[in-house]
>>> print(open('data-v1.cif').read())   # mmCIF, C-alpha atoms
data_entry
#
loop_
_atom_site.group_PDB
_atom_site.id
_atom_site.type_symbol
_atom_site.label_atom_id
_atom_site.label_comp_id
_atom_site.auth_asym_id
_atom_site.auth_seq_id
_atom_site.Cartn_x
_atom_site.Cartn_y
_atom_site.Cartn_z
ATOM 1 C CA GLY A 29 -132.470 -26.186 123.477
ATOM 2 C CA TYR A 30 -132.098 -23.368 125.945
ATOM 3 C CA GLY A 31 -129.724 -20.462 126.255
ATOM 4 C CA SER A 32 -126.935 -21.062 128.748
ATOM 5 C CA ASP A 33 -123.156 -21.305 128.494
ATOM 6 C CA ASP A 34 -123.060 -24.306 130.832
ATOM 7 C CA LYS A 35 -122.877 -27.779 129.315
ATOM 8 C CA LYS A 36 -126.027 -29.534 130.439
ATOM 9 C CA ILE A 37 -128.722 -31.805 129.045
ATOM 10 C CA LYS A 38 -132.112 -31.580 130.731
ATOM 11 C CA ILE A 39 -134.375 -34.611 130.340
ATOM 12 C CA GLY A 40 -138.124 -34.462 130.888
ATOM 13 C CA GLY A 41 -141.330 -35.564 129.207
ATOM 14 C CA THR A 42 -144.368 -37.591 130.135
ATOM 15 C CA ASP A 43 -142.684 -40.989 129.731
ATOM 16 C CA ARG A 44 -141.033 -40.721 133.114
ATOM 17 C CA GLU A 45 -139.705 -44.284 133.153
ATOM 18 C CA ARG A 46 -137.856 -43.994 129.846
ATOM 19 C CA ALA A 47 -136.776 -40.414 130.608
ATOM 20 C CA GLU A 48 -135.062 -41.705 133.747
ATOM 21 C CA LEU A 49 -133.470 -44.551 131.778
ATOM 22 C CA LEU A 50 -132.182 -42.105 129.144
ATOM 23 C CA THR A 51 -130.752 -39.856 131.845
ATOM 24 C CA ASP A 52 -128.896 -42.840 133.318
ATOM 25 C CA VAL A 53 -127.583 -43.940 129.902
ATOM 26 C CA LEU A 54 -126.329 -40.448 129.094
ATOM 27 C CA LYS A 55 -124.609 -40.144 132.473
ATOM 28 C CA ARG A 56 -122.922 -43.542 132.011
ATOM 29 C CA HIS A 57 -121.544 -42.268 128.699
ATOM 30 C CA GLY A 58 -120.153 -39.160 130.376
ATOM 31 C CA TYR A 59 -122.810 -36.644 129.335
ATOM 32 C CA PRO A 60 -124.047 -33.983 131.782
ATOM 33 C CA ALA A 61 -127.677 -35.154 131.922
ATOM 34 C CA VAL A 62 -130.183 -34.330 134.647
ATOM 35 C CA LEU A 63 -133.729 -35.632 135.028
ATOM 36 C CA LEU A 64 -136.142 -32.749 135.508
ATOM 37 C CA GLY A 65 -138.995 -32.752 137.970
ATOM 38 C CA ILE A 66 -142.437 -32.452 136.433
ATOM 39 C CA ASN A 67 -142.769 -28.858 137.667
ATOM 40 C CA ASP A 68 -139.641 -27.607 135.886
ATOM 41 C CA LYS A 69 -140.392 -25.160 133.063
ATOM 42 C CA TYR A 70 -138.428 -27.355 130.624
ATOM 43 C CA ALA A 71 -140.031 -30.640 131.718
ATOM 44 C CA GLY A 72 -142.241 -30.890 128.623
ATOM 45 C CA VAL A 73 -145.228 -32.414 130.397
ATOM 46 C CA SER A 74 -147.957 -30.054 129.191
ATOM 47 C CA PRO A 75 -150.719 -31.769 127.216
ATOM 48 C CA ASN A 76 -150.420 -28.824 124.802
ATOM 49 C CA ASN A 77 -146.826 -29.848 123.977
ATOM 50 C CA LEU A 78 -146.878 -31.294 120.446
ATOM 51 C CA ALA A 79 -144.718 -34.218 121.575
ATOM 52 C CA ASN A 80 -147.432 -35.262 124.049
ATOM 53 C CA GLN A 81 -150.214 -35.351 121.486
ATOM 54 C CA SER A 82 -149.418 -38.816 120.152
ATOM 55 C CA SER A 83 -151.874 -41.658 120.660
ATOM 56 C CA SER A 84 -149.952 -42.776 123.772
ATOM 57 C CA GLY A 85 -149.468 -39.243 125.129
ATOM 58 C CA LEU A 86 -145.939 -40.264 126.124
ATOM 59 C CA SER A 87 -142.779 -38.401 125.247
ATOM 60 C CA ILE A 88 -139.204 -37.739 126.248
ATOM 61 C CA GLN A 89 -138.153 -34.086 126.197
ATOM 62 C CA ILE A 90 -134.449 -33.343 125.652
ATOM 63 C CA GLU A 91 -133.281 -29.764 126.237
ATOM 64 C CA MET A 92 -129.628 -29.047 125.537
ATOM 65 C CA SER A 93 -127.887 -25.882 126.684
ATOM 66 C CA THR A 94 -126.166 -23.675 124.132
ATOM 67 C CA GLY A 95 -122.849 -24.617 125.726
ATOM 68 C CA PHE A 96 -123.493 -28.312 125.191
ATOM 69 C CA ARG A 97 -124.750 -27.781 121.632
ATOM 70 C CA LYS A 98 -121.588 -25.789 120.851
ATOM 71 C CA SER A 99 -119.492 -28.743 122.031
ATOM 72 C CA LEU A 100 -120.968 -30.880 119.226
ATOM 73 C CA PHE A 101 -119.508 -28.752 116.411
ATOM 74 C CA ASP A 102 -116.129 -27.325 115.509
ATOM 75 C CA THR A 103 -117.834 -24.149 114.268
ATOM 76 C CA PHE A 104 -121.174 -23.279 115.841
ATOM 77 C CA THR A 105 -122.791 -21.069 113.222
ATOM 78 C CA LEU A 106 -125.973 -21.757 111.309
ATOM 79 C CA LYS A 107 -123.991 -22.067 108.076
ATOM 80 C CA SER A 108 -121.121 -24.175 109.444
ATOM 81 C CA ARG A 109 -122.898 -26.675 111.687
ATOM 82 C CA ALA A 110 -123.850 -28.909 108.766
ATOM 83 C CA SER A 111 -120.187 -29.514 107.922
ATOM 84 C CA THR A 112 -118.363 -29.293 111.261
ATOM 85 C CA GLN A 113 -119.880 -32.041 113.397
ATOM 86 C CA ASN A 114 -117.134 -33.463 115.581
ATOM 87 C CA GLY A 115 -116.479 -36.708 117.447
ATOM 88 C CA THR A 116 -118.661 -35.597 120.360
ATOM 89 C CA PHE A 117 -121.564 -35.053 117.941
ATOM 90 C CA TYR A 118 -121.240 -38.532 116.455
ATOM 91 C CA GLN A 119 -120.846 -40.271 119.810
ATOM 92 C CA PHE A 120 -123.818 -38.380 121.281
ATOM 93 C CA THR A 121 -126.101 -39.136 118.335
ATOM 94 C CA LYS A 122 -125.028 -42.795 118.439
ATOM 95 C CA THR A 123 -125.851 -42.966 122.140
ATOM 96 C CA ILE A 124 -129.324 -41.504 121.501
ATOM 97 C CA SER A 125 -129.884 -43.752 118.466
ATOM 98 C CA ASP A 126 -128.853 -46.864 120.402
ATOM 99 C CA PHE A 127 -131.209 -45.896 123.234
ATOM 100 C CA ILE A 128 -134.126 -45.510 120.805
ATOM 101 C CA SER A 129 -133.341 -48.851 119.122
ATOM 102 C CA ASP A 130 -133.149 -50.588 122.490
ATOM 103 C CA LYS A 131 -136.163 -49.022 124.223
ATOM 104 C CA TYR A 132 -138.639 -48.493 121.376
#
>>> encode(input="data-v1.cif", output="structure tokens")
Amino acid sequence: GYGSDDKKIKIGGTDRERAELLTDVLKRHGYPAVLLGINDKYAGVSPNNLANQSSSGLSIQIEMSTGFRKSLFDTFTLKSRASTQNGTFYQFTKTISDFISDKY
């Protein structure tokens, strides 16, 4: 994640095709997703990025703003997050899970 009060999801990574597909899926479900260019500091395309050190070298990077992360919980504290996930949390994680099941 990254620190910002806006509600935004930044999508990057080296698997550009699937990153674009994920961005489209999230937008269709009403989430504020944007596909990052490869030169964006949050793009996650560095070969030193742990996610890019798999045998394929492909990854999808998901960076969520603090504002968006807060929207997933009724109480956004380290102690309370485990027990205050809300409907937005469950719908978002289902959307991501369905995408993974479908594309991987």
>>> closest_residue(input="data-v1.cif", among="A:Ala79, A:Ala110, A:Val53, A:Ile90", to="Lys36 (chain A)", atoms="all atoms listed in the file")
A:Ile90
>>> closest_residue(input="data-v1.cif", among="A:Lys107, A:Lys122, A:Arg97, A:Lys131", to="Asp34 (chain A)", atoms="all atoms listed in the file")
A:Arg97
>>> closest_residue(input="data-v1.cif", among="A:Thr123, A:Ser129, A:Ser111, A:Asn80", to="His57 (chain A)", atoms="only C-alpha atoms")
A:Thr123
>>> atom_distance(input="data-v1.cif", atom1="CA of Lys35 (chain A)", atom2="CA of Met92 (chain A)")
7.8 Å
>>> residues_around(input="data-v1.cif", residues="Gly40 (chain A)", least_positions_apart="6", cutoff="7 Å", atoms="all atoms listed in the file", output="list of chain:residue names")
A:Ala47, A:Leu63, A:Leu64, A:Ala71, A:Gly72, A:Ile88, A:Gln89, A:Ile90
>>> resolve_selection(input="data-v1.cif", expression="the PyMOL selection byres ((chain A and resi 75) around 12)", output="PDB file with C-alpha atoms, in the coordinates of the input")
ATOM      1  CA  GLY A  41    -141.330 -35.564 129.207  1.00  0.00           C
ATOM      2  CA  THR A  42    -144.368 -37.591 130.135  1.00  0.00           C
ATOM      3  CA  ALA A  71    -140.031 -30.640 131.718  1.00  0.00           C
ATOM      4  CA  GLY A  72    -142.241 -30.890 128.623  1.00  0.00           C
ATOM      5  CA  VAL A  73    -145.228 -32.414 130.397  1.00  0.00           C
ATOM      6  CA  SER A  74    -147.957 -30.054 129.191  1.00  0.00           C
ATOM      7  CA  ASN A  76    -150.420 -28.824 124.802  1.00  0.00           C
ATOM      8  CA  ASN A  77    -146.826 -29.848 123.977  1.00  0.00           C
ATOM      9  CA  LEU A  78    -146.878 -31.294 120.446  1.00  0.00           C
ATOM     10  CA  ALA A  79    -144.718 -34.218 121.575  1.00  0.00           C
ATOM     11  CA  ASN A  80    -147.432 -35.262 124.049  1.00  0.00           C
ATOM     12  CA  GLN A  81    -150.214 -35.351 121.486  1.00  0.00           C
ATOM     13  CA  SER A  82    -149.418 -38.816 120.152  1.00  0.00           C
ATOM     14  CA  SER A  83    -151.874 -41.658 120.660  1.00  0.00           C
ATOM     15  CA  SER A  84    -149.952 -42.776 123.772  1.00  0.00           C
ATOM     16  CA  GLY A  85    -149.468 -39.243 125.129  1.00  0.00           C
ATOM     17  CA  LEU A  86    -145.939 -40.264 126.124  1.00  0.00           C
ATOM     18  CA  SER A  87    -142.779 -38.401 125.247  1.00  0.00           C
TER      19      SER A  87
END
>>> atom_distance(input="data-v1.cif", atom1="CA of Glu48 (chain A)", atom2="CA of Gln113 (chain A)")
27.2 Å
>>> resolve_selection(input="data-v1.cif", expression="the PyMOL selection byres ((chain A and resi 116) around 12)", output="ChimeraX atom specification")
/A:57-59,96-102,112-115,117-123
>>> closest_residue(input="data-v1.cif", among="A:Asp33, A:Phe127, A:Asp68, A:Thr103", to="Asp52 (chain A)", atoms="only C-alpha atoms")
A:Phe127
>>> atom_distance(input="data-v1.cif", atom1="CA of Asn67 (chain A)", atom2="CA of Asp126 (chain A)")
28.6 Å
>>> residues_around(input="data-v1.cif", residues="Ile37 (chain A)", least_positions_apart="2", cutoff="6 Å", atoms="all atoms listed in the file", output="number ranges by chain")
A: 60-61, 91-92
>>> closest_residue(input="data-v1.cif", among="A:Thr105, A:Ile124, A:Tyr30, A:Leu49", to="Val62 (chain A)", atoms="only C-alpha atoms")
A:Leu49
>>> residues_near_point(input="data-v1.cif", point="(-123.7, -15.3, 129.1)", cutoff="12 Å", atoms="all atoms listed in the file", output="ChimeraX atom specification")
/A:31-34,93-95
